[in-house]
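Novice: Contents of final_18.txt (compact mmCIF, C-alpha atoms and all ligand atoms) are given next:
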```txt
# COMPACT_ATOMS: atom_id res chain seq x y z
CA MET A 51 -3.45 -1.64 13.68
CA ASP A 52 -6.08 0.96 14.58
CA TYR A 53 -9.54 0.81 13.04
CA ARG A 54 -12.22 3.44 12.46
CA THR A 55 -15.89 3.31 11.55
CA LEU A 56 -16.68 5.27 8.41
CA GLY A 57 -19.33 8.02 8.66
CA ASN A 58 -22.59 6.67 10.01
CA SER A 59 -21.99 3.22 8.49
CA ASP A 60 -20.96 -0.11 9.97
CA LEU A 61 -17.79 -0.21 7.86
CA ARG A 62 -14.87 -0.80 10.21
CA VAL A 63 -11.64 -0.09 8.37
CA SER A 64 -7.95 0.04 9.15
CA ARG A 65 -6.50 3.55 9.56
CA LEU A 66 -4.03 2.66 6.84
CA ALA A 67 -5.80 1.83 3.61
CA PHE A 68 -3.93 0.15 0.78
CA GLY A 69 -4.00 2.42 -2.30
CA CYS A 70 -4.16 0.37 -5.49
CA TRP A 71 -3.57 3.02 -8.14
CA GLY A 72 0.09 2.05 -8.52
CA ILE A 73 -0.11 -1.75 -8.25
CA THR A 74 0.05 -2.07 -12.04
CA SER A 75 1.96 -0.06 -14.65
CA ASP A 76 0.62 3.16 -16.15
CA PHE A 77 1.61 6.60 -17.44
CA HIS A 78 1.86 8.02 -13.91
CA TRP A 79 3.85 5.30 -12.13
CA GLY A 80 5.74 3.85 -15.09
CA GLU A 81 6.63 0.15 -15.03
CA ARG A 82 5.40 -1.68 -11.92
CA ASP A 83 6.41 -5.15 -10.75
CA GLU A 84 3.06 -6.92 -10.23
CA GLN A 85 4.56 -9.68 -8.10
CA ALA A 86 5.94 -7.00 -5.76
CA SER A 87 2.42 -5.54 -5.59
CA VAL A 88 0.94 -8.95 -4.75
CA ASP A 89 3.57 -9.39 -2.00
CA ALA A 90 2.69 -5.95 -0.65
CA ILE A 91 -1.03 -6.79 -0.54
CA GLU A 92 -0.27 -10.05 1.30
CA ALA A 93 1.97 -8.17 3.75
CA ALA A 94 -0.82 -5.65 4.32
CA LEU A 95 -3.29 -8.41 5.12
CA ASP A 96 -0.82 -9.95 7.56
CA ALA A 97 -0.38 -6.56 9.25
CA GLY A 98 -4.14 -6.16 9.81
CA VAL A 99 -4.86 -3.82 6.89
CA ASN A 100 -8.40 -4.63 5.76
CA PHE A 101 -9.22 -1.66 3.50
CA PHE A 102 -8.27 -1.64 -0.20
CA ASP A 103 -8.99 1.26 -2.53
CA THR A 104 -9.05 0.78 -6.28
CA ALA A 105 -10.86 2.25 -9.31
CA GLU A 106 -11.99 1.24 -12.76
CA VAL A 107 -9.62 3.76 -14.28
CA TYR A 108 -6.47 2.46 -12.52
CA GLY A 109 -4.36 0.62 -15.07
CA ASP A 110 -7.45 0.51 -17.29
CA GLY A 111 -9.07 -2.13 -15.07
CA ARG A 112 -5.90 -4.10 -14.35
CA SER A 113 -5.69 -2.82 -10.76
CA GLU A 114 -9.16 -4.22 -10.02
CA GLU A 115 -8.26 -7.51 -11.70
CA LEU A 116 -5.06 -7.96 -9.75
CA LEU A 117 -6.75 -7.05 -6.48
CA GLY A 118 -9.59 -9.45 -7.22
CA ARG A 119 -7.12 -12.29 -7.83
CA VAL A 120 -5.38 -11.76 -4.49
CA LEU A 121 -8.40 -10.99 -2.31
CA SER A 122 -11.05 -13.37 -3.59
CA ARG A 123 -10.05 -16.09 -1.11
CA ARG A 124 -10.45 -13.67 1.80
CA ARG A 125 -13.44 -11.73 0.54
CA ASP A 126 -15.34 -11.69 3.84
CA GLN A 127 -12.32 -10.35 5.75
CA VAL A 128 -11.70 -7.26 3.63
CA VAL A 129 -13.37 -3.98 2.73
CA ILE A 130 -13.10 -3.24 -0.99
CA ALA A 131 -13.68 0.26 -2.30
CA SER A 132 -13.81 1.10 -5.99
CA LYS A 133 -14.80 4.11 -8.07
CA ILE A 134 -17.03 4.92 -10.99
CA HIS A 135 -15.06 5.90 -14.06
CA PRO A 136 -15.17 9.69 -14.53
CA ARG A 137 -16.71 9.18 -17.98
CA SER A 138 -19.42 6.83 -16.64
CA MET A 139 -21.38 9.24 -14.48
CA ARG A 140 -24.72 9.11 -16.33
CA PRO A 141 -27.22 6.89 -14.47
CA ASP A 142 -27.31 4.14 -17.15
CA GLN A 143 -23.49 4.10 -17.24
CA VAL A 144 -23.19 3.85 -13.45
CA ALA A 145 -24.88 0.44 -13.32
CA GLU A 146 -22.72 -0.85 -16.19
CA ALA A 147 -19.54 0.45 -14.56
CA CYS A 148 -20.48 -1.30 -11.32
CA GLU A 149 -21.01 -4.59 -13.17
CA ARG A 150 -17.60 -4.27 -14.81
CA SER A 151 -15.93 -3.62 -11.44
CA LEU A 152 -17.69 -6.59 -9.83
CA ARG A 153 -16.55 -8.83 -12.67
CA ARG A 154 -12.94 -7.70 -12.53
CA LEU A 155 -12.84 -7.88 -8.74
CA ASN A 156 -14.34 -11.35 -8.87
CA THR A 157 -17.00 -10.56 -6.28
CA ASP A 158 -20.76 -10.04 -6.12
CA TYR A 159 -20.73 -6.93 -3.95
CA LEU A 160 -18.59 -3.87 -3.28
CA ASP A 161 -18.26 -2.56 0.26
CA LEU A 162 -17.90 1.02 -0.94
CA LEU A 163 -18.53 2.45 -4.39
CA GLN A 164 -17.45 6.05 -4.93
CA THR A 165 -17.82 8.73 -7.57
CA HIS A 166 -14.25 9.27 -8.78
CA TRP A 167 -14.57 12.73 -10.30
CA THR A 168 -17.62 14.69 -11.37
CA ASP A 169 -18.58 15.21 -14.99
CA PRO A 170 -19.64 18.83 -15.63
CA GLN A 171 -22.27 17.50 -18.07
CA VAL A 172 -23.97 15.31 -15.43
CA PRO A 173 -25.42 16.75 -12.20
CA ILE A 174 -23.95 14.74 -9.33
CA ALA A 175 -27.43 14.14 -7.87
CA GLU A 176 -28.29 12.02 -10.95
CA THR A 177 -25.19 9.87 -10.49
CA TRP A 178 -25.93 9.64 -6.79
CA GLU A 179 -29.47 8.38 -7.33
CA ALA A 180 -28.09 5.63 -9.56
CA LEU A 181 -25.57 4.67 -6.86
CA LEU A 182 -28.31 4.56 -4.22
CA LYS A 183 -30.24 2.19 -6.47
CA LEU A 184 -27.21 -0.14 -6.56
CA LYS A 185 -27.19 -0.02 -2.79
CA GLU A 186 -30.87 -1.01 -2.65
CA GLN A 187 -30.06 -3.92 -4.96
CA GLY A 188 -27.30 -5.11 -2.62
CA LYS A 189 -24.55 -4.78 -5.22
CA VAL A 190 -22.98 -2.07 -3.12
CA ARG A 191 -23.01 -1.89 0.68
CA HIS A 192 -22.16 1.82 1.01
CA VAL A 193 -21.68 4.81 -1.24
CA GLY A 194 -19.10 7.54 -1.05
CA VAL A 195 -17.62 10.39 -3.04
CA CYS A 196 -14.15 11.47 -4.04
CA ASN A 197 -13.00 14.98 -4.78
CA ALA A 198 -16.35 16.48 -3.77
CA GLY A 199 -16.42 20.19 -2.93
CA THR A 200 -18.99 21.82 -0.65
CA SER A 201 -21.63 22.30 -3.34
CA ASP A 202 -21.41 18.66 -4.53
CA LEU A 203 -21.58 17.55 -0.90
CA ALA A 204 -24.74 19.59 -0.34
CA ASP A 205 -26.31 18.07 -3.47
CA VAL A 206 -25.66 14.46 -2.49
CA CYS A 207 -26.51 15.01 1.18
CA ALA A 208 -29.95 16.26 0.10
CA LEU A 209 -30.54 12.64 -1.02
CA GLN A 210 -28.35 10.67 1.38
CA ALA A 211 -25.04 11.56 3.02
CA PRO A 212 -22.00 9.70 1.67
CA VAL A 213 -20.06 7.69 4.25
CA SER A 214 -16.81 9.20 3.04
CA ASN A 215 -15.14 11.82 0.86
CA GLN A 216 -11.78 10.80 -0.55
CA LEU A 217 -9.58 13.88 -0.85
CA PRO A 218 -5.99 14.86 -1.66
CA TYR A 219 -4.38 15.79 1.64
CA ASN A 220 -0.78 15.92 2.74
CA LEU A 221 1.77 18.41 4.03
CA LEU A 222 2.34 19.71 0.50
CA TRP A 223 -1.36 19.81 -0.46
CA ARG A 224 -3.61 21.44 2.12
CA ALA A 225 -6.30 23.21 0.08
CA ILE A 226 -9.12 21.13 1.59
CA GLU A 227 -8.48 22.74 4.98
CA ASP A 228 -10.31 25.92 3.95
CA ALA A 229 -13.86 24.63 3.46
CA ILE A 230 -14.17 20.96 2.45
CA LEU A 231 -12.60 19.36 5.52
CA PRO A 232 -14.77 21.43 7.94
CA ALA A 233 -17.88 20.62 5.84
CA CYS A 234 -17.13 16.88 6.07
CA ARG A 235 -16.59 17.08 9.81
CA GLU A 236 -19.88 18.95 10.30
CA ARG A 237 -21.76 16.29 8.38
CA ASN A 238 -19.97 13.27 9.90
CA ILE A 239 -18.52 12.27 6.54
CA SER A 240 -15.21 10.44 6.96
CA VAL A 241 -12.31 11.99 5.10
CA LEU A 242 -10.07 9.41 3.42
CA ALA A 243 -6.80 11.23 2.73
CA TYR A 244 -5.21 10.24 -0.57
CA SER A 245 -1.65 10.79 -1.80
CA PRO A 246 -0.44 11.27 1.80
CA LEU A 247 3.19 11.07 0.61
CA MET A 248 2.53 13.31 -2.40
CA HIS A 249 3.56 10.53 -4.81
CA GLY A 250 6.82 9.98 -2.96
CA LEU A 251 7.93 13.63 -2.57
CA LEU A 252 7.26 13.29 1.17
CA ALA A 253 9.26 10.06 1.32
CA ASP A 254 12.30 12.25 0.61
CA LYS A 255 12.90 10.79 -2.83
CA TYR A 256 13.73 13.96 -4.72
CA ARG A 257 15.89 17.01 -4.04
CA SER A 258 14.84 19.07 -7.06
CA ALA A 259 12.00 19.30 -9.59
CA ALA A 260 14.33 18.06 -12.33
CA GLU A 261 14.68 14.70 -10.52
CA VAL A 262 10.93 14.06 -10.48
CA PRO A 263 9.76 11.83 -13.35
CA ASP A 264 7.26 13.43 -15.74
CA GLY A 265 4.36 11.21 -14.63
CA ARG A 266 4.67 12.45 -11.06
CA ALA A 267 5.36 16.04 -12.11
CA ARG A 268 1.85 16.67 -13.40
CA SER A 269 0.58 18.26 -10.20
CA ARG A 270 0.37 22.04 -9.80
CA HIS A 271 3.54 21.99 -7.71
CA PHE A 272 5.46 21.68 -10.97
CA SER A 273 5.75 23.85 -14.03
CA GLY A 274 2.85 23.51 -16.46
CA THR A 275 5.45 23.08 -19.20
CA ARG A 276 6.24 19.54 -17.97
CA PRO A 277 5.28 17.17 -20.84
CA LEU A 278 2.35 15.45 -19.10
CA ALA A 279 1.00 18.45 -17.16
CA ARG A 280 -2.49 19.74 -17.98
CA HIS A 281 -2.69 22.86 -15.82
CA GLY A 282 -0.53 25.32 -17.78
CA GLU A 283 0.33 27.30 -14.61
CA PRO A 284 3.87 28.43 -13.71
CA GLY A 285 3.86 25.96 -10.80
CA CYS A 286 5.40 26.39 -7.34
CA GLU A 287 8.66 24.45 -7.63
CA GLU A 288 10.69 26.85 -5.52
CA GLU A 289 8.13 26.91 -2.69
CA THR A 290 7.66 23.11 -2.88
CA PHE A 291 11.34 22.30 -2.50
CA ALA A 292 11.83 25.01 0.13
CA ALA A 293 9.00 23.39 2.14
CA LEU A 294 10.61 19.98 1.67
CA ASP A 295 13.94 21.39 2.94
CA ARG A 296 12.19 22.66 6.09
CA ILE A 297 10.39 19.33 6.65
CA ARG A 298 13.69 17.46 6.13
CA ALA A 299 15.35 19.63 8.78
CA ILE A 300 12.55 18.91 11.27
CA ALA A 301 12.77 15.18 10.49
CA ARG A 302 16.56 15.17 10.90
CA GLU A 303 16.30 16.99 14.24
CA ALA A 304 13.68 14.47 15.44
CA GLY A 305 15.68 11.51 14.12
CA ARG A 306 12.66 10.27 12.17
CA PRO A 307 12.20 9.60 8.45
CA MET A 308 10.27 12.25 6.53
CA ALA A 309 7.60 9.71 5.50
CA ASP A 310 6.98 8.88 9.18
CA LEU A 311 6.26 12.53 10.01
CA ALA A 312 4.21 13.07 6.86
CA LEU A 313 1.94 10.08 7.45
CA ASN A 314 1.41 10.85 11.10
CA TRP A 315 0.76 14.54 10.39
CA VAL A 316 -2.12 13.75 8.06
CA ALA A 317 -3.48 10.88 10.17
CA ALA A 318 -3.72 13.23 13.15
CA GLN A 319 -5.87 15.85 11.41
CA PRO A 320 -9.38 15.97 12.90
CA GLY A 321 -11.87 14.45 10.46
CA VAL A 322 -9.32 12.22 8.73
CA ASP A 323 -10.35 8.66 9.48
CA CYS A 324 -8.12 6.91 7.02
CA VAL A 325 -4.84 7.44 5.20
CA ILE A 326 -4.72 5.79 1.77
CA VAL A 327 -1.10 5.06 0.92
CA GLY A 328 0.33 3.60 -2.26
CA VAL A 329 3.41 1.37 -2.08
CA ALA A 330 5.70 -0.26 -4.61
CA ASN A 331 6.61 -3.27 -2.44
CA ALA A 332 6.09 -5.10 0.86
CA ALA A 333 9.02 -3.35 2.57
CA GLN A 334 7.41 0.08 2.07
CA LEU A 335 4.09 -1.28 3.32
CA ALA A 336 5.68 -2.68 6.48
CA GLU A 337 7.50 0.57 7.08
CA ASN A 338 4.32 2.65 6.73
CA VAL A 339 2.42 0.36 9.09
CA ARG A 340 5.23 0.76 11.61
CA PHE A 341 5.24 4.55 11.24
CA LEU A 342 1.51 4.83 11.84
CA GLU A 343 1.48 2.34 14.69
CA ARG A 344 4.27 4.20 16.45
CA GLY A 345 2.00 7.16 16.73
CA ARG A 346 1.29 10.79 16.32
CA GLU A 347 3.80 13.59 16.26
CA SER A 348 1.78 16.06 18.32
CA ASP A 349 4.82 18.05 19.44
CA LEU A 350 6.02 18.44 15.85
CA ARG A 351 2.63 18.95 14.22
CA GLU A 352 2.64 22.73 14.59
CA ALA A 353 6.18 23.10 13.23
CA LEU A 354 5.40 20.85 10.26
CA THR A 355 2.26 22.83 9.49
CA ARG A 356 4.15 26.13 9.65
CA ALA A 357 6.86 24.70 7.38
CA THR A 358 4.34 24.40 4.57
CA ASP A 359 2.25 27.56 5.07
CA ASP A 360 4.10 29.49 2.32
CA LEU A 361 3.54 26.69 -0.17
CA ARG A 362 -0.12 26.44 0.78
CA ARG A 363 -0.55 30.16 0.06
CA ALA A 364 1.36 29.90 -3.24
CA LEU A 365 -0.81 26.99 -4.47
CA GLY A 366 -4.00 28.90 -3.64
CA PRO A 367 -7.44 27.57 -2.71
CA ASN A 368 -8.04 25.25 -5.72
CA PRO A 369 -8.04 21.66 -4.36
CA ASP A 370 -7.61 20.14 -7.85
CA MET A 371 -4.02 18.91 -8.06
CA TRP A 372 -3.99 18.60 -11.81
CA GLN A 373 -6.18 21.35 -13.27
CA THR A 374 -6.04 25.12 -13.13
CA ALA A 375 -8.64 27.03 -11.04
CA SER A 376 -10.87 27.86 -14.03
CA GLU A 377 -11.03 24.14 -14.92
CA SER A 378 -11.05 22.77 -11.39
CA ARG A 379 -13.38 19.80 -11.02
CA TYR A 380 -14.21 20.76 -7.43
CA ARG A 381 -17.63 22.34 -6.93
N1 LIG B 1 -9.80 9.50 -5.51
C1 LIG B 1 -8.82 9.99 -6.22
O1 LIG B 1 -9.04 10.83 -7.10
C2 LIG B 1 -7.42 9.54 -5.94
C3 LIG B 1 -6.33 10.19 -6.52
C4 LIG B 1 -5.04 9.74 -6.22
C5 LIG B 1 -4.86 8.67 -5.36
N2 LIG B 1 -5.95 8.03 -4.83
C6 LIG B 1 -5.78 6.85 -3.94
O2 LIG B 1 -4.78 7.11 -2.96
C7 LIG B 1 -3.76 6.11 -3.05
C8 LIG B 1 -2.43 6.65 -2.58
O3 LIG B 1 -2.05 7.82 -3.27
P1 LIG B 1 -0.88 7.86 -4.32
O4 LIG B 1 -0.59 6.48 -4.78
O5 LIG B 1 -1.27 8.91 -5.29
O6 LIG B 1 0.37 8.48 -3.61
P2 LIG B 1 1.19 8.30 -2.25
O7 LIG B 1 0.59 7.27 -1.39
O8 LIG B 1 1.35 9.67 -1.73
O9 LIG B 1 2.61 7.83 -2.82
C9 LIG B 1 2.87 6.53 -3.17
C10 LIG B 1 4.35 6.37 -3.46
O10 LIG B 1 5.12 6.79 -2.32
C11 LIG B 1 6.29 6.02 -2.22
N3 LIG B 1 6.31 5.37 -0.88
C12 LIG B 1 5.28 4.86 -0.16
N4 LIG B 1 5.72 4.39 1.01
C13 LIG B 1 7.06 4.59 1.05
C14 LIG B 1 8.07 4.33 1.99
N5 LIG B 1 7.81 3.77 3.17
N6 LIG B 1 9.34 4.67 1.67
C15 LIG B 1 9.63 5.26 0.49
N7 LIG B 1 8.71 5.55 -0.44
C16 LIG B 1 7.43 5.21 -0.18
C17 LIG B 1 6.26 4.98 -3.33
O11 LIG B 1 7.01 5.54 -4.40
P3 LIG B 1 7.93 4.61 -5.38
O12 LIG B 1 6.97 4.00 -6.32
O13 LIG B 1 8.82 5.61 -6.06
O14 LIG B 1 8.69 3.66 -4.54
C18 LIG B 1 4.79 4.93 -3.68
O15 LIG B 1 4.56 4.54 -5.00
C19 LIG B 1 -3.83 5.64 -4.51
O16 LIG B 1 -3.21 4.38 -4.70
C20 LIG B 1 -5.33 5.60 -4.72
O17 LIG B 1 -5.88 4.44 -4.12
C21 LIG B 1 -7.20 8.45 -5.10
```
Could you show the structure in this file as C-alpha cells?
Ligand SMILES: NC(=O)c1ccc[n+]([C@@H]2O[C@H](COP(=O)([O-])OP(=O)(O)OC[C@H]3O[C@@H](n4cnc5c(N)ncnc54)[C@H](OP(=O)(O)O)[C@@H]3O)[C@@H](O)[C@H]2O)c1
Specialist:
Amino acid sequence: MDYRTLGNSDLRVSRLAFGCWGITSDFHWGERDEQASVDAIEAALDAGVNFFDTAEVYGDGRSEELLGRVLSRRRDQVVIASKIHPRSMRPDQVAEACERSLRRLNTDYLDLLQTHWTDPQVPIAETWEALLKLKEQGKVRHVGVCNAGTSDLADVCALQAPVSNQLPYNLLWRAIEDAILPACRERNISVLAYSPLMHGLLADKYRSAAEVPDGRARSRHFSGTRPLARHGEPGCEEETFAALDRIRAIAREAGRPMADLALNWVAAQPGVDCVIVGVANAAQLAENVRFLERGRESDLREALTRATDDLRRALGPNPDMWQTASESRYR
C-alpha cells in the first residue's frame, strides 16, 4: 500500500481510503449487510488501509457508530476523518456536532474534521473559525473541507489553509478539473477524490439508466424526473452510457476490469492524494487494493480521458452532482 502526506500536515494516509457512507443502510444504498461492512473494514486494515472517512449524516450517525465499534481497539493505528453535518455549520453547532461524532466514534479526538457542505446562511469563515478552535482544544488534529469551490477556499485560506478538499472526481464526473483542482494544487491542499467508481457505474454494473436503482440515479447524469432526484434537469443519460460503452471497449482491449482503469485513472491525476472508495464487502475491498497496487494506466490515461470528454461538456461546469447550477452549493 502506498501512503501520502496530506497538505502541509503530518497525516500519513493510505492512497486508498475506506469510504464509510455505504457501510449501513440508507435511502441511497438501500439495505446494507453490516457484518459484511465490518468484514470489509477488517480486510482493509489487514491490507494496510489506515484512512477511514465517515460523516455525521451517513446513516444518521450509524456509520460513525459502526466504525467506532470496529476501530476503537486500533485507535492509534488509524486516521479517522468525519464531517460536520450540513445543518450544523453555525459556530455553536460545530462544537456540538464534534462532540456527537466523538461519542459515536468512541474516541476523544478526530484526526481530520471536515465541513461537509456549506450552508448559504452561514459564511464558511465562521464555521472555519469554530473548527480551528476545536483544533486548539485538541479535539481535532487537522481540519479540512469538502465540496469547496475557489471562493470558499480563498475564504478559509485567509484564516488557515485546510489540509484537504474532498471532491467528487471520476471518469464520469470531471467538473473540478476546470478551476478547483488547479486551485488546490497551487495551495498545496490535498484532493481526496470521492465516488471514484461513480456509485458503481464505473464498476460496470449497469448497461442502461433503467437498470440503475433510484437512490443511485439522483446525480445529474440521470433524468431529473427520477423519483429521488432534486436537480430537475433533463440529465445526460445518453452521453453517460455512450461514455461507459467507450470505457468498456478500452477495458476489454486492455484485458482489465473497468473498475481497475477507473480507480487508477483518478489516482494518477496530479493533486489527487487519496481515492476514497466505498465497498459493500471484503471481496470488493481486496479487489480495489489489488487494482491500485498494480499501478497506473499511463498509456491508457489519454484514451480514457478522451472517452469522457463529450459527457464532461454535456454536464457543464457545475461540480454539484445533485443540484442544478442555480442551486449549486459550490462557491
Ligand atoms: N464529501 C462528500 O460530500 C462525499 C460525497 C459522496 C461520497 N463521499 C465519500 O466517498 C466515499 C466513496 O464514494 P461513494 O460511496 O459515493 O461511491 P463509489 O466509491 O464510487 O462507489 C461505491 C460502490 O461501488 C461498488 N464497488 C466498489 N468496489 C467494487 C468492486 N471492486 N467491484 C464491483 N463494485 C464495486 C459498490 O457497489 P455495490 O454496493 O452495488 O456493490 C460500492 O457500494 C463515500 O463512502 C464517502 O466516504 C463523500
Novice: Would you list the residues that come within 7 Å of ligand LIG 1 (chain B)? Count only C-alpha atoms and all ligand atoms and give the answer as a PDB file with C-alpha atoms, keeping the file's coordinate frame.
Specialist:
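Saved to pocket.pdb:
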```pdb
ATOM      1  CA  PHE A  68      -3.930   0.150   0.780  1.00  0.00           C
ATOM      2  CA  GLY A  69      -4.000   2.420  -2.300  1.00  0.00           C
ATOM      3  CA  CYS A  70      -4.160   0.370  -5.490  1.00  0.00           C
ATOM      4  CA  TRP A  71      -3.570   3.020  -8.140  1.00  0.00           C
ATOM      5  CA  GLY A  72       0.090   2.050  -8.520  1.00  0.00           C
ATOM      6  CA  TRP A  79       3.850   5.300 -12.130  1.00  0.00           C
ATOM      7  CA  ASP A 103      -8.990   1.260  -2.530  1.00  0.00           C
ATOM      8  CA  THR A 104      -9.050   0.780  -6.280  1.00  0.00           C
ATOM      9  CA  HIS A 166     -14.250   9.270  -8.780  1.00  0.00           C
ATOM     10  CA  TRP A 167     -14.570  12.730 -10.300  1.00  0.00           C
ATOM     11  CA  CYS A 196     -14.150  11.470  -4.040  1.00  0.00           C
ATOM     12  CA  ASN A 197     -13.000  14.980  -4.780  1.00  0.00           C
ATOM     13  CA  GLN A 216     -11.780  10.800  -0.550  1.00  0.00           C
ATOM     14  CA  LEU A 217      -9.580  13.880  -0.850  1.00  0.00           C
ATOM     15  CA  PRO A 218      -5.990  14.860  -1.660  1.00  0.00           C
ATOM     16  CA  TYR A 244      -5.210  10.240  -0.570  1.00  0.00           C
ATOM     17  CA  SER A 245      -1.650  10.790  -1.800  1.00  0.00           C
ATOM     18  CA  PRO A 246      -0.440  11.270   1.800  1.00  0.00           C
ATOM     19  CA  LEU A 247       3.190  11.070   0.610  1.00  0.00           C
ATOM     20  CA  MET A 248       2.530  13.310  -2.400  1.00  0.00           C
ATOM     21  CA  HIS A 249       3.560  10.530  -4.810  1.00  0.00           C
ATOM     22  CA  GLY A 250       6.820   9.980  -2.960  1.00  0.00           C
ATOM     23  CA  ALA A 253       9.260  10.060   1.320  1.00  0.00           C
ATOM     24  CA  ALA A 309       7.600   9.710   5.500  1.00  0.00           C
ATOM     25  CA  ILE A 326      -4.720   5.790   1.770  1.00  0.00           C
ATOM     26  CA  VAL A 327      -1.100   5.060   0.920  1.00  0.00           C
ATOM     27  CA  GLY A 328       0.330   3.600  -2.260  1.00  0.00           C
ATOM     28  CA  VAL A 329       3.410   1.370  -2.080  1.00  0.00           C
ATOM     29  CA  ALA A 330       5.700  -0.260  -4.610  1.00  0.00           C
ATOM     30  CA  GLN A 334       7.410   0.080   2.070  1.00  0.00           C
ATOM     31  CA  LEU A 335       4.090  -1.280   3.320  1.00  0.00           C
ATOM     32  CA  GLU A 337       7.500   0.570   7.080  1.00  0.00           C
ATOM     33  CA  ASN A 338       4.320   2.650   6.730  1.00  0.00           C
TER      34      ASN A 338
END
```
Novice: Suppose you want the space between atom CA of A:Ala90 and atom CA of A:Ser59; what is it in Å?
Specialist: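 Value for the atom CA of A:Ala90-atom CA of A:Ser59 distance: 27.9 Å.
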Novice: When you look at A:Leu278 with a cut-off of 8 Å (counting all atoms listed in the file), what residues show up, excluding the ones that are within fewer than 3 positions of it in the same chain? I need them as a PyMOL selection string.
Specialist: chain A and resi 264-265+267-268
Novice: With distances taken over only C-alpha atoms, which residue among A:Ala175, A:Val322, A:Ala332, A:Ala131 lies nearest A:Glu227?
Specialist: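 Checking each of A:Ala175, A:Val322, A:Ala332, A:Ala131 against A:Glu227, counting only C-alpha atoms, the winner is A:Val322.
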Novice: Leaving out A:Arg124 and any residue of its chain fewer than 3 positions from it, which residues lie within 12 Å of it when counting all atoms listed in the file, given as a ChimeraX atom specification?
Specialist: /A:91-92,95-96,100,117-121,127-130,156-157
Novice: Which is closest to A:Ala353 among A:Asp169, A:Arg65, A:Thr200, A:Ala299, if we use only C-alpha atoms?
Specialist: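 Counting only C-alpha atoms, the residue closest to A:Ala353 is A:Ala299.
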Novice: For A:Lys189, find every residue with an atom within 9 Å (counting only C-alpha atoms), except residues of its own chain fewer than 3 positions away, and show them as a ChimeraX atom specification.
Specialist: /A:148-149,152,158-161,184-186
Novice: Can you measure atom CA of A:Ala304 to atom CA of A:Ala357 for me? One decimal in Å is fine.
Specialist: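 It comes out at 14.7 Å.
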Novice: Which one is closest to A:Leu155: A:Glu176, A:Asp205, A:Glu283, A:Glu114? Count all atoms listed in the file.
Specialist: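 Comparing A:Glu176, A:Asp205, A:Glu283, A:Glu114 against A:Leu155, the winner is A:Glu114.
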Novice: Hey, can you pull every residue with an atom no more than 7 Å from (-6.0, 24.0, -0.4), using all atoms listed in the file, and send it as a compact mmCIF listing (two decimals) with C-alpha atoms, in the frame of the given file?
Specialist:
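To be explicit, this is the file written out as part-v1.txt:
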```txt
# COMPACT_ATOMS: atom_id res chain seq x y z
CA TRP A 223 -1.36 19.81 -0.46
CA ARG A 224 -3.61 21.44 2.12
CA ALA A 225 -6.30 23.21 0.08
CA ILE A 226 -9.12 21.13 1.59
CA GLU A 227 -8.48 22.74 4.98
CA ASP A 228 -10.31 25.92 3.95
CA ARG A 362 -0.12 26.44 0.78
CA GLY A 366 -4.00 28.90 -3.64
CA PRO A 367 -7.44 27.57 -2.71
CA ASN A 368 -8.04 25.25 -5.72
CA PRO A 369 -8.04 21.66 -4.36
```
Novice: Using only C-alpha atoms, which residue out of A:Gly98, A:Gly321, A:Leu252, A:Asn58 lies closest to A:Arg340?
Specialist: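 Comparing A:Gly98, A:Gly321, A:Leu252, A:Asn58 against A:Arg340, the winner is A:Gly98.
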Novice: Please identify all polymer residues within 8 Å of A:Gly199, counting all atoms listed in the file, omitting same-chain residues fewer than 4 positions from it, and present them as a list in words.
Specialist: Leu203, Ile230, Tyr380 and Arg381 of chain A
